[in-house]
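Note: the block below is entry-v9.cif and it holds mmCIF, C-alpha atoms.
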```
data_data
loop_
_atom_site.label_atom_id
_atom_site.label_comp_id
_atom_site.auth_asym_id
_atom_site.auth_seq_id
_atom_site.Cartn_x
_atom_site.Cartn_y
_atom_site.Cartn_z
CA MET A 1 28.29 43.58 0.44
CA PRO A 2 30.76 41.08 -1.03
CA GLU A 3 29.78 38.76 -3.83
CA PHE A 4 31.10 35.17 -3.97
CA LEU A 5 31.15 32.93 -7.04
CA LEU A 6 30.77 29.15 -6.90
CA ASP A 7 31.13 26.98 -10.01
CA THR A 8 29.43 23.58 -9.76
CA VAL A 9 29.21 22.78 -13.49
CA GLY A 10 30.25 19.17 -14.10
CA ASP A 11 29.99 18.07 -10.45
CA VAL A 12 27.95 14.93 -9.79
CA CYS A 13 24.94 14.69 -7.53
CA PRO A 14 25.62 15.53 -3.87
CA VAL A 15 28.77 17.58 -4.53
CA PRO A 16 27.13 20.88 -5.62
CA LEU A 17 24.91 21.10 -2.55
CA LEU A 18 27.80 20.09 -0.26
CA LYS A 19 29.82 22.98 -1.70
CA VAL A 20 26.87 25.38 -1.35
CA GLN A 21 26.35 24.31 2.25
CA LYS A 22 30.01 25.10 3.02
CA GLU A 23 30.11 28.43 1.16
CA ALA A 24 26.76 29.62 2.54
CA ARG A 25 28.22 29.72 6.06
CA ARG A 26 30.45 32.64 5.02
CA LEU A 27 27.48 34.78 3.99
CA GLY A 28 26.78 37.81 6.13
CA PRO A 29 23.63 39.97 5.87
CA GLY A 30 23.42 41.40 2.34
CA ASP A 31 26.17 39.18 0.90
CA LEU A 32 25.47 37.36 -2.34
CA LEU A 33 26.64 33.89 -3.35
CA VAL A 34 26.36 33.31 -7.11
CA ILE A 35 26.25 29.62 -8.02
CA GLU A 36 26.76 28.34 -11.57
CA ILE A 37 24.87 25.11 -12.19
CA GLY A 38 24.71 22.64 -15.08
CA GLN A 39 22.00 20.26 -13.88
CA PRO A 40 18.26 20.95 -13.38
CA ARG A 41 18.18 18.50 -10.48
CA THR A 42 20.81 20.56 -8.66
CA VAL A 43 18.88 23.81 -9.13
CA ARG A 44 15.77 22.40 -7.46
CA ASN A 45 17.85 20.72 -4.78
CA ILE A 46 19.48 24.01 -3.79
CA ILE A 47 16.15 25.89 -3.81
CA GLU A 48 14.60 23.25 -1.54
CA TRP A 49 17.60 23.27 0.81
CA ALA A 50 17.67 27.09 0.90
CA ALA A 51 13.97 27.36 1.75
CA LYS A 52 14.44 24.93 4.61
CA ASN A 53 17.56 26.61 6.00
CA GLY A 54 16.54 30.26 5.88
CA TYR A 55 18.11 31.48 2.62
CA ALA A 56 16.51 33.40 -0.23
CA THR A 57 17.18 32.32 -3.82
CA GLU A 58 16.84 33.79 -7.28
CA VAL A 59 17.39 31.72 -10.43
CA SER A 60 18.17 32.93 -13.93
CA PRO A 61 18.80 30.67 -16.94
CA GLU A 62 22.19 31.37 -18.52
CA ALA A 63 22.12 29.18 -21.62
CA HIS A 64 20.68 25.80 -22.59
CA GLY A 65 21.19 23.58 -19.53
CA MET A 66 23.02 26.28 -17.55
CA TRP A 67 21.67 28.26 -14.62
CA ARG A 68 22.85 30.99 -12.28
CA LEU A 69 21.44 30.95 -8.79
CA GLY A 70 21.83 33.83 -6.37
CA LEU A 71 21.76 32.91 -2.67
CA ARG A 72 21.31 35.42 0.18
CA LEU A 73 20.60 35.18 3.86
CA GLY A 74 16.86 35.37 4.45
CA ALA A 75 15.28 38.05 6.65
CA GLY A 76 15.30 35.73 9.66
CA GLY A 77 18.97 34.69 9.21
CA ALA A 78 20.24 31.16 8.70
CA ARG A 79 18.24 28.51 10.45
CA LYS A 80 20.02 25.66 12.14
CA ALA A 81 17.76 23.00 10.69
CA GLY A 82 17.88 19.74 12.59
CA ARG A 83 17.84 16.54 10.63
CA MET B 1 -5.64 -14.79 -18.76
CA GLY B 2 -4.11 -15.54 -22.16
CA LEU B 3 -2.99 -12.21 -23.56
CA ALA B 4 -2.56 -12.57 -27.32
CA PRO B 5 1.16 -12.85 -28.10
CA MET B 6 2.44 -9.58 -29.55
CA SER B 7 4.65 -9.42 -32.58
CA VAL B 8 8.20 -8.22 -32.00
CA PHE B 9 7.42 -5.01 -33.85
CA VAL B 10 4.44 -4.15 -31.64
CA LYS B 11 6.49 -5.01 -28.55
CA LEU B 12 9.25 -2.63 -29.61
CA ILE B 13 6.77 0.18 -30.30
CA VAL B 14 5.11 -0.33 -26.91
CA ALA B 15 8.55 -0.38 -25.22
CA LEU B 16 9.53 2.83 -27.01
CA ILE B 17 6.35 4.66 -25.97
CA VAL B 18 6.52 3.47 -22.37
CA GLY B 19 10.24 4.34 -22.29
CA LEU B 20 9.61 7.87 -23.54
CA LEU B 21 6.85 8.42 -20.97
CA VAL B 22 8.99 7.09 -18.10
CA GLY B 23 11.99 9.15 -19.25
CA PHE B 24 9.88 12.30 -19.44
CA ALA B 25 8.44 11.74 -15.96
CA VAL B 26 11.87 10.99 -14.47
CA GLN B 27 13.53 14.02 -16.06
CA ARG B 28 10.74 16.45 -15.16
CA SER B 29 10.21 15.18 -11.64
CA ARG B 30 14.00 15.01 -10.97
CA PHE B 31 13.28 11.61 -9.45
CA CYS B 32 16.50 9.84 -8.48
CA PHE B 33 16.97 6.77 -6.29
CA VAL B 34 20.46 7.91 -5.22
CA GLY B 35 19.18 11.40 -4.52
CA ALA B 36 16.36 9.97 -2.43
CA PHE B 37 18.81 8.48 0.07
CA GLN B 38 21.53 11.13 -0.28
CA ASP B 39 19.25 14.15 0.19
CA ALA B 40 17.60 12.65 3.25
CA TYR B 41 20.86 11.51 4.86
CA LEU B 42 23.15 14.44 4.01
CA PHE B 43 20.79 17.41 3.94
CA GLY B 44 17.61 16.39 5.74
CA LEU B 45 15.56 16.86 2.56
CA ASN B 46 13.03 14.03 2.65
CA GLY B 47 10.75 14.69 -0.33
CA LEU B 48 12.45 12.24 -2.71
CA ALA B 49 12.82 9.55 -0.03
CA ALA B 50 9.06 9.74 0.64
CA ALA B 51 8.47 9.46 -3.12
CA ALA B 52 10.66 6.34 -3.26
CA VAL B 53 8.63 4.72 -0.46
CA ILE B 54 5.36 5.58 -2.24
CA LEU B 55 6.81 4.10 -5.44
CA THR B 56 7.69 0.86 -3.62
CA ALA B 57 4.17 0.71 -2.17
CA LEU B 58 2.62 1.14 -5.64
CA ALA B 59 4.98 -1.52 -7.03
CA SER B 60 3.98 -3.90 -4.20
CA ALA B 61 0.30 -3.43 -4.99
CA GLY B 62 0.99 -3.94 -8.69
CA TYR B 63 3.05 -7.08 -7.97
CA ALA B 64 0.23 -8.49 -5.84
CA ALA B 65 -2.36 -7.71 -8.54
CA VAL B 66 -0.28 -9.36 -11.28
CA ARG B 67 0.56 -12.45 -9.19
CA LEU B 68 -3.02 -12.89 -8.00
CA ALA B 69 -4.37 -12.52 -11.54
CA ALA B 70 -1.77 -14.92 -12.94
CA LEU B 71 -2.28 -17.47 -10.20
CA SER B 72 -6.06 -17.45 -10.03
CA PRO B 73 -7.81 -20.71 -10.98
CA ALA B 74 -9.29 -18.89 -13.98
CA ALA B 75 -5.75 -18.37 -15.31
CA GLY B 76 -5.06 -22.07 -14.88
CA GLY B 77 -2.87 -21.92 -11.80
CA PRO B 78 -3.52 -22.78 -8.17
CA LEU B 79 -3.49 -19.64 -6.05
CA GLY B 80 -0.14 -19.06 -4.35
CA ALA B 81 1.68 -21.94 -6.05
CA SER B 82 4.35 -19.82 -7.68
CA MET B 83 5.99 -16.57 -6.64
CA GLY B 84 7.59 -15.35 -9.85
CA ASN B 85 11.18 -14.13 -9.97
CA VAL B 86 12.11 -14.16 -6.31
CA PHE B 87 15.72 -15.06 -5.54
CA PRO B 88 17.34 -16.39 -2.35
CA VAL B 89 18.60 -13.88 0.20
CA GLY B 90 22.05 -14.27 1.78
CA TRP B 91 25.46 -12.68 2.27
CA HIS B 92 25.62 -12.15 -1.50
CA THR B 93 22.59 -9.84 -1.25
CA VAL B 94 24.50 -7.56 1.14
CA VAL B 95 27.72 -7.61 -0.93
CA GLY B 96 25.78 -6.95 -4.13
CA GLY B 97 23.89 -4.08 -2.51
CA LEU B 98 27.13 -2.47 -1.27
CA LEU B 99 28.78 -2.77 -4.71
CA PHE B 100 25.68 -1.40 -6.42
CA GLY B 101 25.48 1.49 -3.96
CA LEU B 102 29.18 2.29 -4.36
CA GLY B 103 28.75 2.38 -8.14
CA MET B 104 25.73 4.66 -7.86
CA VAL B 105 27.56 7.13 -5.61
CA LEU B 106 30.64 7.21 -7.90
CA ALA B 107 28.45 7.74 -10.96
CA GLY B 108 26.21 10.18 -9.08
CA SER B 109 23.14 8.40 -10.43
CA CYS B 110 21.33 5.08 -10.57
CA ALA B 111 20.71 3.14 -13.79
CA LEU B 112 17.52 5.09 -14.38
CA THR B 113 18.91 8.59 -13.93
CA THR B 114 22.13 7.74 -15.79
CA LEU B 115 19.96 7.45 -18.90
CA THR B 116 18.08 10.71 -18.29
CA ARG B 117 21.32 12.54 -17.53
CA VAL B 118 22.93 11.36 -20.75
CA GLY B 119 19.77 12.58 -22.47
CA GLU B 120 20.22 15.95 -20.77
CA GLY B 121 23.73 16.06 -22.22
CA ALA B 122 25.85 15.27 -19.16
CA THR B 123 29.10 13.83 -20.55
CA VAL B 124 30.02 12.30 -17.16
CA GLY B 125 26.96 10.11 -17.60
CA LEU B 126 28.46 8.51 -20.71
CA PHE B 127 31.10 6.75 -18.59
CA ALA B 128 28.40 5.38 -16.30
CA LEU B 129 26.32 4.33 -19.32
CA GLY B 130 29.32 2.47 -20.80
CA GLY B 131 29.89 0.65 -17.50
CA LEU B 132 26.18 -0.12 -17.21
CA ALA B 133 26.06 -1.64 -20.72
CA ALA B 134 29.29 -3.63 -20.22
CA GLY B 135 28.09 -4.94 -16.85
CA GLY B 136 24.73 -5.86 -18.33
CA PHE B 137 26.30 -7.93 -21.13
CA ILE B 138 28.71 -9.70 -18.77
CA GLY B 139 25.90 -10.30 -16.28
CA ARG B 140 23.65 -11.81 -18.93
CA ASP B 141 26.22 -14.53 -19.68
CA LEU B 142 27.31 -15.15 -16.10
CA ALA B 143 23.89 -15.00 -14.40
CA GLY B 144 23.26 -18.75 -14.75
CA TRP B 145 26.53 -19.78 -13.10
CA TRP B 146 26.17 -17.05 -10.47
CA THR B 147 22.64 -18.01 -9.34
CA ALA B 148 23.58 -21.72 -9.26
CA HIS B 149 26.83 -21.41 -7.28
CA VAL B 150 26.79 -18.17 -5.30
CA GLY B 151 23.22 -16.94 -5.04
CA THR B 152 21.94 -19.82 -2.95
CA GLY B 153 20.13 -19.64 0.38
CA VAL B 154 16.68 -19.07 1.77
CA VAL B 155 13.96 -17.60 -0.40
CA VAL B 156 11.91 -15.14 1.62
CA HIS B 157 8.47 -14.59 0.12
CA LEU B 158 5.89 -13.40 2.61
CA PRO B 159 2.77 -14.38 0.59
CA THR B 160 4.00 -18.00 0.37
CA ALA B 161 4.90 -18.14 4.05
CA LEU B 162 1.92 -16.24 5.50
CA GLY B 163 -0.68 -15.99 2.77
CA TRP B 164 -1.49 -12.92 0.71
CA PRO B 165 -3.73 -10.92 3.11
CA LEU B 166 -1.31 -11.02 6.04
CA ALA B 167 1.68 -10.44 3.74
CA LEU B 168 0.05 -7.32 2.27
CA VAL B 169 -0.76 -5.97 5.74
CA ILE B 170 2.87 -6.49 6.86
CA GLN B 171 4.19 -4.87 3.64
CA ALA B 172 1.90 -1.87 4.16
CA ALA B 173 3.12 -1.49 7.76
CA LEU B 174 6.80 -1.83 6.74
CA LEU B 175 6.36 0.94 4.16
CA GLY B 176 3.86 3.04 6.09
CA ALA B 177 6.12 3.59 9.12
CA PRO B 178 9.04 5.20 7.24
CA LEU B 179 6.61 7.15 5.07
CA TYR B 180 4.95 8.61 8.17
CA LEU B 181 8.33 9.58 9.66
CA LEU B 182 9.57 11.14 6.41
CA THR B 183 6.45 13.15 5.65
CA ARG B 184 6.04 14.27 9.25
CA ARG B 185 9.45 15.94 8.94
CA ILE B 186 8.38 17.60 5.69
CA SER B 187 5.22 19.04 7.22
CA GLN B 188 7.18 20.17 10.29
CA SER B 189 9.64 22.10 8.12
CA ARG B 190 6.71 23.64 6.21
CA ALA B 191 5.20 24.72 9.51
CA SER B 192 8.42 26.31 10.77
CA LYS B 193 8.79 28.14 7.46
CA THR B 194 5.41 29.79 7.91
CA GLU B 195 6.34 30.73 11.48
CA GLY B 196 9.48 32.44 10.15
CA MET B 197 7.35 34.44 7.73
CA ASP B 198 5.13 35.69 10.53
CA ASP B 199 8.18 36.99 12.41
CA ALA B 200 9.42 38.99 9.43
#
```
Could you express the structure from this file as structure tokens?
Amino acid sequence: MPEFLLDTVGDVCPVPLLKVQKEARRLGPGDLLVIEIGQPRTVRNIIEWAAKNGYATEVSPEAHGMWRLGLRLGAGGARKAGR
Amino acid sequence: MGLAPMSVFVKLIVALIVGLLVGFAVQRSRFCFVGAFQDAYLFGLNGLAAAAVILTALASAGYAAVRLAALSPAAGGPLGASMGNVFPVGWHTVVGGLLFGLGMVLAGSCALTTLTRVGEGATVGLFALGGLAAGGFIGRDLAGWWTAHVGTGVVVHLPTALGWPLALVIQAALLGAPLYLLTRRISQSRASKTEGMDDA
């Protein structure tokens, strides 16, 4: 069960989710992608995207204005969400 | 209507309070005009785009209310004689929109969210804020020349051309159609999420 780390601190708006989208494809069942985030907007964006695309998320605040978000494949596997 | 003229001090206090309330709402709701278009286009997340359409609808209703109140015979003006600050539309509208959009994408935020992001402590936002302030000062001095020489063309104002009732119906239809499409997608994705849960 490999664990991947993705640092998005300092990236502007669409970049963090674009990176997450790319990295999430590598996740197999049980793998964990840990994302470091420095913007509240990004946290909610990723949670919304994950819920729509079949991923499970878990957020923990790291420090003031810093979050860690764990992303796993959901029970049903990744969903190919159409636009 | 004759609102009593406010002193500068009262105006500043009112502006400060309204500014704080707007800033709080924007920060907490993560509302973002750039995000509204980006999230819908890049990721198929339509929540913010729907919110932007609702916001435009509310602003349209507010605009109509203010214009109708200001133009009513009671306020001393013939109904429909003036349209307020409506500028001509032309090629310059398209060029300006593209430049504005490019700036927003490079900064990762619009004017509104640049301010909230600086407030959140994002140092990248300081560059955008500097550019915003510089552009604002330059624009203030050049606006007169610009509107006289470049920003010429046809003024499109539906209430003047068609009357208020028809104009409001058309505005509602123009906003209602995209809102229906955006929210239909949201409810579809909610539905498929619940299906997925049943399978598990």
Among listed residues B:Ala36, B:Leu115, B:Ala50, B:Ala143, nearest chain A (using all atoms listed in the file):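 Of B:Ala36, B:Leu115, B:Ala50, B:Ala143, the one nearest chain A, counting all atoms listed in the file, is B:Ala36.
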Find the residues near A:Arg44: any atom within 10 Å, counting all atoms listed in the file, skip ones fewer than 5 places away on the same chain, and give them as a ChimeraX atom specification. /A:39,49-50,59 /B:30
Please provide the set of residues having any atom within 12 Å of stretch 105-108 of chain B, restricted to all atoms listed in the file, with same-chain residues fewer than 2 positions apart removed, written as a compact mmCIF listing (two decimals) with C-alpha atoms, in the coordinates of the input.
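Saved result, out_11.txt, follows:
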```txt
# COMPACT_ATOMS: atom_id res chain seq x y z
CA GLY A 10 30.25 19.17 -14.10
CA ASP A 11 29.99 18.07 -10.45
CA VAL A 12 27.95 14.93 -9.79
CA CYS A 13 24.94 14.69 -7.53
CA PRO A 14 25.62 15.53 -3.87
CA VAL A 15 28.77 17.58 -4.53
CA PRO A 16 27.13 20.88 -5.62
CA GLN A 39 22.00 20.26 -13.88
CA ARG A 41 18.18 18.50 -10.48
CA THR A 42 20.81 20.56 -8.66
CA CYS B 32 16.50 9.84 -8.48
CA PHE B 33 16.97 6.77 -6.29
CA VAL B 34 20.46 7.91 -5.22
CA GLY B 35 19.18 11.40 -4.52
CA ALA B 36 16.36 9.97 -2.43
CA PHE B 37 18.81 8.48 0.07
CA GLN B 38 21.53 11.13 -0.28
CA LEU B 98 27.13 -2.47 -1.27
CA LEU B 99 28.78 -2.77 -4.71
CA PHE B 100 25.68 -1.40 -6.42
CA GLY B 101 25.48 1.49 -3.96
CA LEU B 102 29.18 2.29 -4.36
CA GLY B 103 28.75 2.38 -8.14
CA CYS B 110 21.33 5.08 -10.57
CA ALA B 111 20.71 3.14 -13.79
CA LEU B 112 17.52 5.09 -14.38
CA THR B 113 18.91 8.59 -13.93
CA THR B 114 22.13 7.74 -15.79
CA LEU B 115 19.96 7.45 -18.90
CA ARG B 117 21.32 12.54 -17.53
CA VAL B 118 22.93 11.36 -20.75
CA ALA B 122 25.85 15.27 -19.16
CA THR B 123 29.10 13.83 -20.55
CA VAL B 124 30.02 12.30 -17.16
CA GLY B 125 26.96 10.11 -17.60
CA LEU B 126 28.46 8.51 -20.71
CA PHE B 127 31.10 6.75 -18.59
CA ALA B 128 28.40 5.38 -16.30
CA LEU B 129 26.32 4.33 -19.32
CA GLY B 130 29.32 2.47 -20.80
CA GLY B 131 29.89 0.65 -17.50
CA LEU B 132 26.18 -0.12 -17.21
```
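Here atom CA of B:Gly136 is placed at a distance of 16.4 Å from atom CA of B:Ser109.
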Could you tell me which residues the PyMOL selection byres ((chain A and resi 58) around 12) returns for this structure, as a VMD selection string? chain A and resid 32 to 35 43 to 44 46 to 47 50 to 51 55 to 57 59 to 61 67 to 74
Can you spell out as a list in words the set of residues that the PyMOL selection byres ((chain B and resi 151) around 10) selects in the structure I just provided? Phe87, Pro88, Val89, Gly90, Trp91, His92, Thr93, Ala143, Gly144, Trp145, Trp146, Thr147, Ala148, His149, Val150, Thr152, Gly153 and Val154 of chain B
For the PyMOL selection byres ((chain B and resi 59-66) around 10), applied here, can you spell out every residue it catches as a VMD selection string? chain B and resid 53 to 58 67 to 71 83 to 84 159 164 167 to 168 171 to 172 175
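Proximity of B:Asp141, B:Leu42, B:Gly163, B:Val156 to A:Gln21, computed with all atoms listed in the file, is greatest for B:Leu42.
The gap separating atom CA of B:Met104 from atom CA of A:Val9 is 19.3 Å, in Å to one decimal.
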What is the distance, in Å and to one decimal place, between atom CA of B:Ala15 and atom CA of B:Ser29?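 That distance, rounded to one decimal, is 20.7 Å.
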From B:Ala133, B:Ile170, B:Leu182, B:Ala161, residue lying nearest B:Leu45 [all atoms listed in the file]: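 Of all the options, B:Leu182 lies closest to B:Leu45.
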Taking the partial coordinates given, rebuild stretch 63-74 of chain A to contain all heavy atoms; return it as a CSV table (one decimal), in the frame of the given file.
```csv
chain,number,residue,atom,x,y,z
A,63,ALA,N,22.1,29.7,-20.2
A,63,ALA,CA,22.1,29.2,-21.6
A,63,ALA,C,21.4,27.9,-21.5
A,63,ALA,O,20.8,27.6,-20.5
A,63,ALA,CB,23.6,28.9,-22.1
A,64,HIS,N,21.3,27.1,-22.6
A,64,HIS,CA,20.7,25.8,-22.6
A,64,HIS,C,21.4,24.9,-21.6
A,64,HIS,O,22.5,24.6,-21.7
A,64,HIS,CB,20.7,25.1,-24.0
A,64,HIS,CG,19.7,25.7,-24.9
A,64,HIS,ND1,18.4,25.7,-24.6
A,64,HIS,CD2,19.9,26.4,-26.1
A,64,HIS,CE1,17.7,26.3,-25.6
A,64,HIS,NE2,18.6,26.7,-26.5
A,65,GLY,N,20.6,24.5,-20.5
A,65,GLY,CA,21.2,23.6,-19.5
A,65,GLY,C,22.1,24.2,-18.6
A,65,GLY,O,22.9,23.6,-17.9
A,66,MET,N,22.1,25.6,-18.5
A,66,MET,CA,23.0,26.3,-17.6
A,66,MET,C,22.2,27.3,-16.8
A,66,MET,O,21.4,28.0,-17.3
A,66,MET,CB,24.1,27.0,-18.3
A,66,MET,CG,25.0,26.1,-19.1
A,66,MET,SD,26.2,25.3,-18.0
A,66,MET,CE,27.5,26.4,-18.1
A,67,TRP,N,22.4,27.3,-15.5
A,67,TRP,CA,21.7,28.3,-14.6
A,67,TRP,C,22.6,29.0,-13.7
A,67,TRP,O,23.7,28.6,-13.4
A,67,TRP,CB,20.7,27.5,-13.8
A,67,TRP,CG,19.5,26.9,-14.5
A,67,TRP,CD1,18.3,27.5,-14.8
A,67,TRP,CD2,19.5,25.6,-15.2
A,67,TRP,NE1,17.5,26.7,-15.5
A,67,TRP,CE2,18.2,25.5,-15.8
A,67,TRP,CE3,20.4,24.6,-15.3
A,67,TRP,CZ2,17.8,24.4,-16.5
A,67,TRP,CZ3,20.0,23.5,-16.0
A,67,TRP,CH2,18.8,23.4,-16.6
A,68,ARG,N,22.2,30.2,-13.3
A,68,ARG,CA,22.8,31.0,-12.3
A,68,ARG,C,21.9,31.2,-11.1
A,68,ARG,O,20.7,31.6,-11.3
A,68,ARG,CB,23.2,32.4,-12.8
A,68,ARG,CG,24.6,32.6,-13.0
A,68,ARG,CD,24.8,33.9,-13.8
A,68,ARG,NE,26.2,33.9,-14.1
A,68,ARG,CZ,27.1,34.7,-13.5
A,68,ARG,NH1,26.7,35.5,-12.5
A,68,ARG,NH2,28.4,34.6,-13.8
A,69,LEU,N,22.3,30.8,-9.9
A,69,LEU,CA,21.4,31.0,-8.8
A,69,LEU,C,22.1,31.9,-7.8
A,69,LEU,O,23.2,31.7,-7.4
A,69,LEU,CB,21.2,29.5,-8.2
A,69,LEU,CG,20.1,29.4,-7.2
A,69,LEU,CD1,19.5,28.0,-7.2
A,69,LEU,CD2,20.6,29.6,-5.8
A,70,GLY,N,21.4,32.9,-7.4
A,70,GLY,CA,21.8,33.8,-6.4
A,70,GLY,C,21.3,33.4,-5.0
A,70,GLY,O,20.1,33.2,-4.9
A,71,LEU,N,22.2,33.3,-4.0
A,71,LEU,CA,21.8,32.9,-2.7
A,71,LEU,C,22.1,34.0,-1.7
A,71,LEU,O,23.2,34.5,-1.6
A,71,LEU,CB,22.5,31.6,-2.3
A,71,LEU,CG,22.1,30.9,-1.1
A,71,LEU,CD1,20.8,30.0,-1.3
A,71,LEU,CD2,23.2,30.0,-0.6
A,72,ARG,N,21.1,34.4,-0.9
A,72,ARG,CA,21.3,35.4,0.2
A,72,ARG,C,20.7,34.9,1.5
A,72,ARG,O,19.9,34.1,1.5
A,72,ARG,CB,20.5,36.7,-0.2
A,72,ARG,CG,21.1,37.5,-1.2
A,72,ARG,CD,20.2,38.7,-1.5
A,72,ARG,NE,20.4,39.3,-2.8
A,72,ARG,CZ,21.4,40.2,-3.0
A,72,ARG,NH1,22.2,40.5,-2.0
A,72,ARG,NH2,21.6,40.7,-4.2
A,73,LEU,N,21.2,35.5,2.6
A,73,LEU,CA,20.6,35.2,3.9
A,73,LEU,C,19.2,35.7,3.8
A,73,LEU,O,18.9,36.8,3.4
A,73,LEU,CB,21.4,35.9,5.0
A,73,LEU,CG,22.5,35.1,5.6
A,73,LEU,CD1,23.1,36.0,6.7
A,73,LEU,CD2,22.0,33.8,6.2
A,74,GLY,N,18.2,34.9,4.4
A,74,GLY,CA,16.9,35.4,4.4
A,74,GLY,C,16.7,36.4,5.6
A,74,GLY,O,17.6,36.6,6.3
```
